[in-house]
$ cat work36.cif   # mmCIF, C-alpha atoms and all ligand atoms
data_input
#
loop_
_atom_site.label_atom_id
_atom_site.label_comp_id
_atom_site.auth_asym_id
_atom_site.auth_seq_id
_atom_site.Cartn_x
_atom_site.Cartn_y
_atom_site.Cartn_z
CA MET A 258 -25.32 -17.30 -1.88
CA SER A 259 -21.62 -16.60 -1.67
CA VAL A 260 -19.91 -19.35 -3.72
CA LYS A 261 -21.33 -19.32 -7.25
CA LYS A 262 -19.77 -21.01 -10.20
CA GLY A 263 -22.74 -21.34 -12.52
CA GLU A 264 -24.33 -18.35 -14.22
CA LEU A 265 -27.73 -17.22 -12.94
CA ILE A 266 -29.80 -16.07 -15.93
CA VAL A 267 -33.15 -14.35 -15.50
CA LEU A 268 -35.60 -14.02 -18.39
CA SER A 269 -38.63 -11.79 -17.95
CA GLY A 270 -41.23 -10.37 -20.27
CA PRO A 271 -44.99 -9.94 -20.39
CA SER A 272 -47.23 -12.98 -20.41
CA GLY A 273 -47.66 -14.20 -24.01
CA VAL A 274 -44.48 -12.55 -25.38
CA GLY A 275 -43.06 -16.03 -26.02
CA LYS A 276 -40.81 -16.77 -23.03
CA SER A 277 -41.68 -20.49 -22.88
CA THR A 278 -41.29 -20.85 -26.65
CA VAL A 279 -37.91 -19.07 -26.70
CA ILE A 280 -36.76 -21.06 -23.64
CA SER A 281 -37.56 -24.39 -25.38
CA GLU A 282 -35.43 -23.27 -28.34
CA LEU A 283 -32.62 -22.15 -26.01
CA LEU A 284 -32.64 -25.38 -24.03
CA SER A 285 -32.42 -27.47 -27.15
CA ALA A 286 -29.30 -25.49 -28.15
CA ARG A 287 -27.79 -25.46 -24.65
CA ARG A 288 -28.71 -28.77 -23.00
CA ASP A 289 -26.34 -28.02 -20.12
CA ILE A 290 -28.57 -25.20 -18.81
CA TYR A 291 -30.85 -26.08 -15.88
CA PHE A 292 -34.31 -24.55 -16.18
CA SER A 293 -35.74 -23.76 -12.77
CA VAL A 294 -39.28 -25.11 -12.38
CA SER A 295 -41.15 -22.55 -10.29
CA PHE A 296 -43.82 -23.10 -7.67
CA THR A 297 -47.22 -21.54 -8.32
CA THR A 298 -50.74 -21.47 -6.93
CA ARG A 299 -52.21 -20.92 -10.43
CA GLU A 300 -54.32 -23.70 -11.99
CA PRO A 301 -52.50 -25.79 -14.63
CA ARG A 302 -53.35 -24.85 -18.24
CA THR A 303 -54.28 -27.57 -20.71
CA GLY A 304 -51.13 -29.44 -21.60
CA GLU A 305 -49.16 -28.31 -18.54
CA ALA A 306 -47.75 -31.02 -16.27
CA ASP A 307 -46.92 -30.83 -12.57
CA GLY A 308 -43.15 -30.80 -12.03
CA VAL A 309 -42.49 -29.95 -15.70
CA ASN A 310 -43.97 -26.49 -16.38
CA TYR A 311 -44.51 -25.64 -12.72
CA ASN A 312 -44.82 -27.30 -9.35
CA PHE A 313 -48.51 -26.63 -8.72
CA VAL A 314 -49.24 -26.11 -5.02
CA THR A 315 -52.05 -24.79 -2.83
CA ARG A 316 -51.99 -21.28 -1.36
CA GLU A 317 -51.56 -22.87 2.04
CA GLU A 318 -48.45 -24.80 0.95
CA PHE A 319 -47.01 -21.71 -0.78
CA GLU A 320 -47.49 -19.61 2.36
CA ARG A 321 -45.76 -22.35 4.38
CA MET A 322 -42.76 -22.11 1.99
CA ILE A 323 -42.64 -18.32 2.41
CA ALA A 324 -42.71 -18.65 6.21
CA ALA A 325 -40.00 -21.34 6.14
CA ASP A 326 -37.78 -19.06 3.97
CA GLU A 327 -37.54 -21.73 1.25
CA LEU A 328 -37.82 -19.30 -1.67
CA LEU A 329 -35.09 -17.27 -3.38
CA GLU A 330 -37.86 -14.89 -4.45
CA TYR A 331 -41.60 -14.88 -4.91
CA ALA A 332 -44.29 -12.52 -6.16
CA GLU A 333 -48.03 -12.27 -6.60
CA TYR A 334 -49.01 -11.95 -10.26
CA VAL A 335 -52.59 -11.56 -11.52
CA GLY A 336 -53.99 -13.13 -8.33
CA ASN A 337 -51.58 -16.04 -7.93
CA TYR A 338 -48.30 -16.70 -6.15
CA TYR A 339 -45.18 -17.64 -8.13
CA GLY A 340 -41.80 -18.44 -6.56
CA THR A 341 -38.36 -19.98 -7.02
CA SER A 342 -36.95 -22.67 -4.73
CA LEU A 343 -33.73 -21.49 -3.11
CA LYS A 344 -32.34 -24.96 -2.36
CA VAL A 345 -32.33 -26.30 -5.92
CA ILE A 346 -30.88 -23.11 -7.41
CA ARG A 347 -28.11 -22.93 -4.85
CA GLU A 348 -27.14 -26.58 -5.41
CA LYS A 349 -27.01 -26.19 -9.20
CA LEU A 350 -24.96 -22.96 -9.12
CA GLU A 351 -22.52 -24.51 -6.66
CA GLN A 352 -22.12 -27.48 -9.03
CA GLY A 353 -21.14 -24.98 -11.77
CA VAL A 354 -24.39 -25.41 -13.69
CA ASP A 355 -25.95 -22.39 -15.43
CA VAL A 356 -29.48 -21.81 -14.19
CA LEU A 357 -32.29 -20.12 -16.12
CA LEU A 358 -35.26 -18.50 -14.37
CA ASP A 359 -38.46 -17.40 -16.16
CA ILE A 360 -39.83 -14.88 -13.66
CA GLU A 361 -41.74 -11.62 -13.63
CA VAL A 362 -40.29 -8.17 -12.88
CA GLN A 363 -40.74 -7.97 -9.07
CA GLY A 364 -39.06 -11.36 -8.65
CA ALA A 365 -36.25 -10.36 -11.02
CA ALA A 366 -35.56 -7.23 -8.94
CA LYS A 367 -35.31 -9.39 -5.80
CA VAL A 368 -32.91 -11.78 -7.53
CA LYS A 369 -30.68 -8.85 -8.62
CA GLU A 370 -30.69 -7.58 -5.02
CA ARG A 371 -29.67 -10.98 -3.60
CA CYS A 372 -27.35 -11.99 -6.48
CA PRO A 373 -25.96 -8.85 -8.20
CA GLU A 374 -24.00 -11.00 -10.70
CA ALA A 375 -27.22 -12.45 -12.15
CA VAL A 376 -27.73 -11.66 -15.85
CA LEU A 377 -31.15 -10.08 -16.43
CA ILE A 378 -32.69 -10.31 -19.89
CA PHE A 379 -36.03 -8.75 -20.83
CA LEU A 380 -38.00 -10.13 -23.77
CA ILE A 381 -40.36 -7.65 -25.46
CA PRO A 382 -42.93 -8.19 -28.23
CA PRO A 383 -42.49 -6.41 -31.59
CA SER A 384 -45.70 -4.44 -30.73
CA ILE A 385 -48.59 -4.44 -28.23
CA GLU A 386 -50.94 -5.56 -31.05
CA GLU A 387 -48.74 -8.59 -31.72
CA LEU A 388 -48.72 -9.39 -27.98
CA SER A 389 -52.52 -9.32 -27.97
CA ARG A 390 -52.60 -11.64 -31.01
CA ARG A 391 -50.23 -14.09 -29.28
CA LEU A 392 -52.30 -14.14 -26.09
CA HIS A 393 -55.46 -14.85 -28.11
CA ARG A 394 -53.73 -17.45 -30.29
CA ARG A 395 -52.44 -19.31 -27.22
CA ASN A 396 -56.12 -19.73 -26.36
CA THR A 397 -55.51 -20.55 -22.69
CA ASP A 398 -56.96 -17.51 -20.89
CA ALA A 399 -60.43 -15.95 -20.73
CA GLU A 400 -60.88 -12.54 -22.45
CA GLU A 401 -60.98 -10.79 -19.06
CA VAL A 402 -57.67 -12.39 -18.02
CA ILE A 403 -56.11 -11.39 -21.37
CA GLU A 404 -57.19 -7.76 -20.82
CA ARG A 405 -55.57 -7.80 -17.35
CA ARG A 406 -52.40 -9.36 -18.77
CA LEU A 407 -52.20 -6.69 -21.54
CA GLU A 408 -52.58 -3.88 -19.03
CA LYS A 409 -49.92 -5.49 -16.85
CA ALA A 410 -47.67 -5.90 -19.93
CA ARG A 411 -47.49 -2.12 -20.38
CA GLN A 412 -46.40 -1.65 -16.75
CA GLU A 413 -43.86 -4.49 -17.02
CA CYS A 414 -42.25 -3.18 -20.21
CA ARG A 415 -41.50 0.07 -18.34
CA GLU A 416 -39.35 -1.99 -15.94
CA SER A 417 -37.14 -3.24 -18.78
CA VAL A 418 -34.76 -0.28 -18.22
CA HIS A 419 -33.54 -2.05 -15.07
CA TYR A 420 -32.44 -5.11 -17.05
CA ASP A 421 -28.97 -5.81 -18.46
CA TYR A 422 -30.26 -6.78 -21.90
CA LEU A 423 -33.36 -6.23 -24.03
CA VAL A 424 -34.31 -8.76 -26.73
CA VAL A 425 -37.23 -8.41 -29.17
CA ASN A 426 -39.11 -11.66 -29.80
CA ASP A 427 -39.87 -11.06 -33.45
CA THR A 428 -38.91 -14.54 -34.57
CA VAL A 429 -38.09 -17.29 -32.08
CA VAL A 430 -34.87 -18.20 -33.89
CA ALA A 431 -33.56 -14.61 -33.87
CA ALA A 432 -34.52 -14.01 -30.22
CA SER A 433 -32.97 -17.23 -28.95
CA GLY A 434 -29.90 -16.56 -31.11
CA GLU A 435 -29.45 -13.16 -29.44
CA ILE A 436 -29.81 -14.71 -25.99
CA LEU A 437 -27.19 -17.35 -26.85
CA SER A 438 -24.85 -14.52 -27.92
CA ILE A 439 -25.47 -12.69 -24.62
CA LEU A 440 -24.64 -15.85 -22.67
CA ALA A 441 -21.48 -16.41 -24.72
CA ALA A 442 -20.37 -12.80 -24.10
CA GLU A 443 -21.12 -13.08 -20.37
CA ARG A 444 -18.93 -16.19 -20.16
CA CYS A 445 -16.02 -14.20 -21.66
CA ARG A 446 -16.10 -11.40 -19.07
CA ALA A 447 -12.54 -10.85 -17.87
CA ALA A 448 -13.69 -10.74 -14.23
CA LYS A 449 -15.11 -14.26 -14.64
CA ARG A 450 -11.89 -15.53 -16.22
CA LEU A 451 -9.32 -14.54 -13.63
CA HIS A 452 -8.29 -18.20 -13.34
CA LEU A 453 -7.22 -18.09 -17.02
CA THR A 454 -5.19 -14.92 -16.51
CA LYS A 455 -3.58 -16.41 -13.41
CA SER A 456 -2.63 -19.56 -15.32
CA ILE A 457 -0.57 -17.35 -17.69
CA VAL A 458 0.88 -14.70 -15.37
CA GLY A 459 0.81 -16.64 -12.10
CA GLU A 460 -0.51 -15.34 -8.77
CA GLN A 461 0.55 -11.70 -8.14
P1 LIG B 1 -45.06 -16.78 -22.47
O1 LIG B 1 -44.31 -17.98 -21.98
O2 LIG B 1 -44.21 -15.55 -22.54
O3 LIG B 1 -46.33 -16.53 -21.73
P2 LIG B 1 -45.60 -18.43 -24.84
O4 LIG B 1 -44.26 -19.01 -25.12
O5 LIG B 1 -46.65 -19.29 -24.20
O6 LIG B 1 -45.47 -17.06 -24.01
O7 LIG B 1 -46.13 -17.85 -26.24
C1 LIG B 1 -47.42 -17.25 -26.40
C2 LIG B 1 -47.94 -17.57 -27.81
O8 LIG B 1 -47.15 -16.87 -28.78
C3 LIG B 1 -47.86 -19.05 -28.17
O9 LIG B 1 -48.99 -19.40 -28.93
C4 LIG B 1 -46.58 -19.13 -29.02
O10 LIG B 1 -46.63 -20.20 -29.94
C5 LIG B 1 -46.58 -17.78 -29.73
N1 LIG B 1 -45.22 -17.27 -30.04
C6 LIG B 1 -44.12 -17.29 -29.25
N2 LIG B 1 -43.08 -16.69 -29.86
C7 LIG B 1 -43.53 -16.28 -31.07
C8 LIG B 1 -42.93 -15.59 -32.20
N3 LIG B 1 -41.66 -15.19 -32.18
N4 LIG B 1 -43.71 -15.33 -33.27
C9 LIG B 1 -45.02 -15.71 -33.31
N5 LIG B 1 -45.64 -16.38 -32.29
C10 LIG B 1 -44.91 -16.64 -31.18
P1 LIG B 2 -47.86 -17.66 -16.44
O1 LIG B 2 -49.07 -17.70 -15.56
O2 LIG B 2 -48.12 -16.97 -17.76
O3 LIG B 2 -47.18 -19.00 -16.59
O4 LIG B 2 -46.78 -16.75 -15.69
C1 LIG B 2 -47.11 -15.47 -15.25
C2 LIG B 2 -45.85 -14.72 -14.88
O5 LIG B 2 -45.24 -15.33 -13.73
C3 LIG B 2 -44.79 -14.72 -15.98
O6 LIG B 2 -44.35 -13.36 -16.12
C4 LIG B 2 -43.68 -15.57 -15.43
O7 LIG B 2 -42.40 -15.11 -15.86
C5 LIG B 2 -43.84 -15.35 -13.94
N1 LIG B 2 -43.24 -16.40 -13.10
C6 LIG B 2 -43.16 -17.72 -13.33
N2 LIG B 2 -42.51 -18.34 -12.34
C7 LIG B 2 -42.14 -17.38 -11.46
C8 LIG B 2 -41.41 -17.37 -10.23
O8 LIG B 2 -40.94 -18.39 -9.73
N3 LIG B 2 -41.25 -16.18 -9.61
C9 LIG B 2 -41.73 -15.02 -10.11
N4 LIG B 2 -41.49 -13.90 -9.44
N5 LIG B 2 -42.41 -14.97 -11.27
C10 LIG B 2 -42.61 -16.14 -11.94
#
$ encode --input "work36.cif" --output "structure tokens"
Amino acid sequence: MSVKKGELIVLSGPSGVGKSTVISELLSARRDIYFSVSFTTREPRTGEADGVNYNFVTREEFERMIAADELLEYAEYVGNYYGTSLKVIREKLEQGVDVLLDIEVQGAAKVKERCPEAVLIFLIPPSIEELSRRLHRRNTDAEEVIERRLEKARQECRESVHYDYLVVNDTVVAASGEILSILAAERCRAAKRLHLTKSIVGEQ
């Protein structure tokens, strides 16, 4: 992935912290951002649609994609595969479109390895009790799955030190506002604006 004009933005955080909710808010404020629809072998939850929330595929199909090197990254999470299509992301970035990925911590580490310029943002809950309440309120997972997700959440939050930014999802409006500020600041990085400097001082 050598020529990249769009910004690659990675959002991670434990299941139930509010990533999908914050992303909806973000995308309504920044309609130019392309949200990458991942591939997964997990069963669709009530209300989820194929091609919208995820591309739902069989384990066999997912393993074919791994073997064919079609994924930018993938990981196994609570018994299911999740992965990002390389082709679509590459096309969008080359067109200058900013791309947002909602992926877990192992996948985010692989993205940073392959694309060091990617902006990594970690979303944390105000407390572990509030995370538990949100997982129960979402009412999509069995109690046993929620317990596994809470245990995993503690491990994942330890990985947040490897991220560029940490945002607390206390209220959706405040969290998405902070992410919009991060994206605005990233766009202003001098290293990303050399063309503007050159237009003033000319090529040296
Ligand atoms: P994730 O995508 O991280 O798994 P969701 O976006 O599905 O999480 O959110 C999990 C639950 O928490 C949902 O019921 C959602 O409405 C709720 N939620 C999300 N953000 C907040 C917030 N800031 N305050 C209170 N509830 C929230
Ligand atoms: P959920 O089952 O709650 O939708 O997602 C479980 C976890 O998988 C979340 O942490 C989410 O960020 C992550 N995830 C979703 N898509 C991808 C992906 O393409 N790659 C990786 N590595 N993780 C993903």
$ closest_residue --input "work36.cif" --among "A:Glu305, A:Glu264, A:Glu282, A:Glu333" --to "Ser433 (chain A)" --atoms "only C-alpha atoms"
A:Glu282
$ residues_near_ligand --input "work36.cif" --ligand "ligand LIG 1 (chain B)" --cutoff "9 Å" --atoms "all atoms listed in the file" --output "ChimeraX atom specification"
/A:269-281,359,380,382-383,387-388,390-396,425-432
$ closest_atom_pairs --input "work36.cif" --of "chain A" --to "ligand LIG 2 (chain B)" --cutoff "7 Å" --atoms "only C-alpha atoms and all ligand atoms" --output "tab-separated table"
residue	atom	partner	partner_atom	distance
A:Ser269	CA	B:LIG2	O7	5.4
A:Gly270	CA	B:LIG2	O6	6.0
A:Pro271	CA	B:LIG2	O6	5.5
A:Ser272	CA	B:LIG2	O2	4.9
A:Gly273	CA	B:LIG2	O2	6.9
A:Ser295	CA	B:LIG2	O8	4.2
A:Phe296	CA	B:LIG2	O8	5.9
A:Thr297	CA	B:LIG2	N2	7.0
A:Arg299	CA	B:LIG2	O1	6.8
A:Glu330	CA	B:LIG2	N4	6.2
A:Tyr331	CA	B:LIG2	N4	4.6
A:Ala332	CA	B:LIG2	N4	4.5
A:Tyr334	CA	B:LIG2	O5	6.1
A:Tyr339	CA	B:LIG2	C8	4.3
A:Gly340	CA	B:LIG2	O8	3.3
A:Thr341	CA	B:LIG2	O8	4.1
A:Asp359	CA	B:LIG2	O7	4.6
A:Ile360	CA	B:LIG2	O7	3.4
A:Glu361	CA	B:LIG2	O6	4.0
A:Val362	CA	B:LIG2	N4	6.8
A:Gln363	CA	B:LIG2	N4	6.0
A:Gly364	CA	B:LIG2	N4	3.6
A:Ala365	CA	B:LIG2	N4	6.5
$ atom_distance --input "work36.cif" --atom1 "CA of Glu327 (chain A)" --atom2 "CA of Asp289 (chain A)"
24.9 Å
$ closest_residue --input "work36.cif" --among "A:Lys262, A:Lys367, A:Arg316, A:Arg287" --to "Gly336 (chain A)" --atoms "all atoms listed in the file"
A:Arg316
$ closest_residue --input "work36.cif" --among "A:Arg302, A:Arg321, A:Lys409, A:His419" --to "Leu377 (chain A)" --atoms "only C-alpha atoms"
A:His419
$ closest_residue --input "work36.cif" --among "A:Ala324, A:Glu443, A:Glu460, A:Leu407" --to "Tyr422 (chain A)" --atoms "all atoms listed in the file"
A:Glu443
$ residues_around --input "work36.cif" --residues "Asp421 (chain A)" --least-positions-apart "6" --cutoff "12 Å" --atoms "all atoms listed in the file" --output "PyMOL selection string"
chain A and resi 266-269+365-366+369+373-380+436+439-440+443
$ closest_residue --input "work36.cif" --among "A:Gly459, A:Glu401, A:Val424, A:Gly263" --to "Ile346 (chain A)" --atoms "all atoms listed in the file"
A:Gly263
$ atom_distance --input "work36.cif" --atom1 "CA of Asp355 (chain A)" --atom2 "CA of Tyr420 (chain A)"
18.5 Å
$ atom_distance --input "work36.cif" --atom1 "CA of Ala448 (chain A)" --atom2 "CA of Val418 (chain A)"
23.9 Å
$ closest_residue --input "work36.cif" --among "A:Leu423, A:Ile323, A:Ala447, A:Leu265" --to "Val354 (chain A)" --atoms "all atoms listed in the file"
A:Leu265
$ build_atoms --input "work36.cif" --residues "region 403-417 of chain A" --atoms "N, CA and C atoms" --output "mmCIF file, keeping the file's coordinate frame"
data_model
loop_
_atom_site.group_PDB
_atom_site.id
_atom_site.type_symbol
_atom_site.label_atom_id
_atom_site.label_comp_id
_atom_site.auth_asym_id
_atom_site.auth_seq_id
_atom_site.Cartn_x
_atom_site.Cartn_y
_atom_site.Cartn_z
ATOM 1 N N ILE A 403 -56.988 -11.941 -20.328
ATOM 2 C CA ILE A 403 -56.110 -11.390 -21.370
ATOM 3 C C ILE A 403 -56.034 -9.874 -21.231
ATOM 4 N N GLU A 404 -57.179 -9.222 -20.988
ATOM 5 C CA GLU A 404 -57.190 -7.760 -20.820
ATOM 6 C C GLU A 404 -56.311 -7.346 -19.650
ATOM 7 N N ARG A 405 -56.409 -8.114 -18.528
ATOM 8 C CA ARG A 405 -55.570 -7.800 -17.350
ATOM 9 C C ARG A 405 -54.096 -8.009 -17.666
ATOM 10 N N ARG A 406 -53.803 -9.057 -18.425
ATOM 11 C CA ARG A 406 -52.400 -9.360 -18.770
ATOM 12 C C ARG A 406 -51.834 -8.282 -19.714
ATOM 13 N N LEU A 407 -52.673 -7.741 -20.614
ATOM 14 C CA LEU A 407 -52.200 -6.690 -21.540
ATOM 15 C C LEU A 407 -51.905 -5.400 -20.780
ATOM 16 N N GLU A 408 -52.780 -5.078 -19.832
ATOM 17 C CA GLU A 408 -52.580 -3.880 -19.030
ATOM 18 C C GLU A 408 -51.287 -4.014 -18.222
ATOM 19 N N LYS A 409 -51.121 -5.214 -17.640
ATOM 20 C CA LYS A 409 -49.920 -5.490 -16.850
ATOM 21 C C LYS A 409 -48.671 -5.437 -17.744
ATOM 22 N N ALA A 410 -48.807 -5.877 -19.004
ATOM 23 C CA ALA A 410 -47.670 -5.900 -19.930
ATOM 24 C C ALA A 410 -47.085 -4.501 -20.106
ATOM 25 N N ARG A 411 -47.973 -3.498 -20.201
ATOM 26 C CA ARG A 411 -47.490 -2.120 -20.380
ATOM 27 C C ARG A 411 -46.665 -1.689 -19.183
ATOM 28 N N GLN A 412 -47.156 -2.018 -17.972
ATOM 29 C CA GLN A 412 -46.400 -1.650 -16.750
ATOM 30 C C GLN A 412 -45.059 -2.384 -16.727
ATOM 31 N N GLU A 413 -45.086 -3.689 -17.085
ATOM 32 C CA GLU A 413 -43.860 -4.490 -17.020
ATOM 33 C C GLU A 413 -42.802 -3.993 -17.990
ATOM 34 N N CYS A 414 -43.227 -3.618 -19.203
ATOM 35 C CA CYS A 414 -42.250 -3.180 -20.210
ATOM 36 C C CYS A 414 -41.525 -1.918 -19.736
ATOM 37 N N ARG A 415 -42.185 -1.111 -18.899
ATOM 38 C CA ARG A 415 -41.500 0.070 -18.340
ATOM 39 C C ARG A 415 -40.330 -0.333 -17.458
ATOM 40 N N GLU A 416 -40.412 -1.523 -16.848
ATOM 41 C CA GLU A 416 -39.350 -1.990 -15.940
ATOM 42 C C GLU A 416 -38.122 -2.509 -16.691
ATOM 43 N N SER A 417 -38.241 -2.635 -18.021
ATOM 44 C CA SER A 417 -37.140 -3.240 -18.780
ATOM 45 C C SER A 417 -35.855 -2.413 -18.693
#
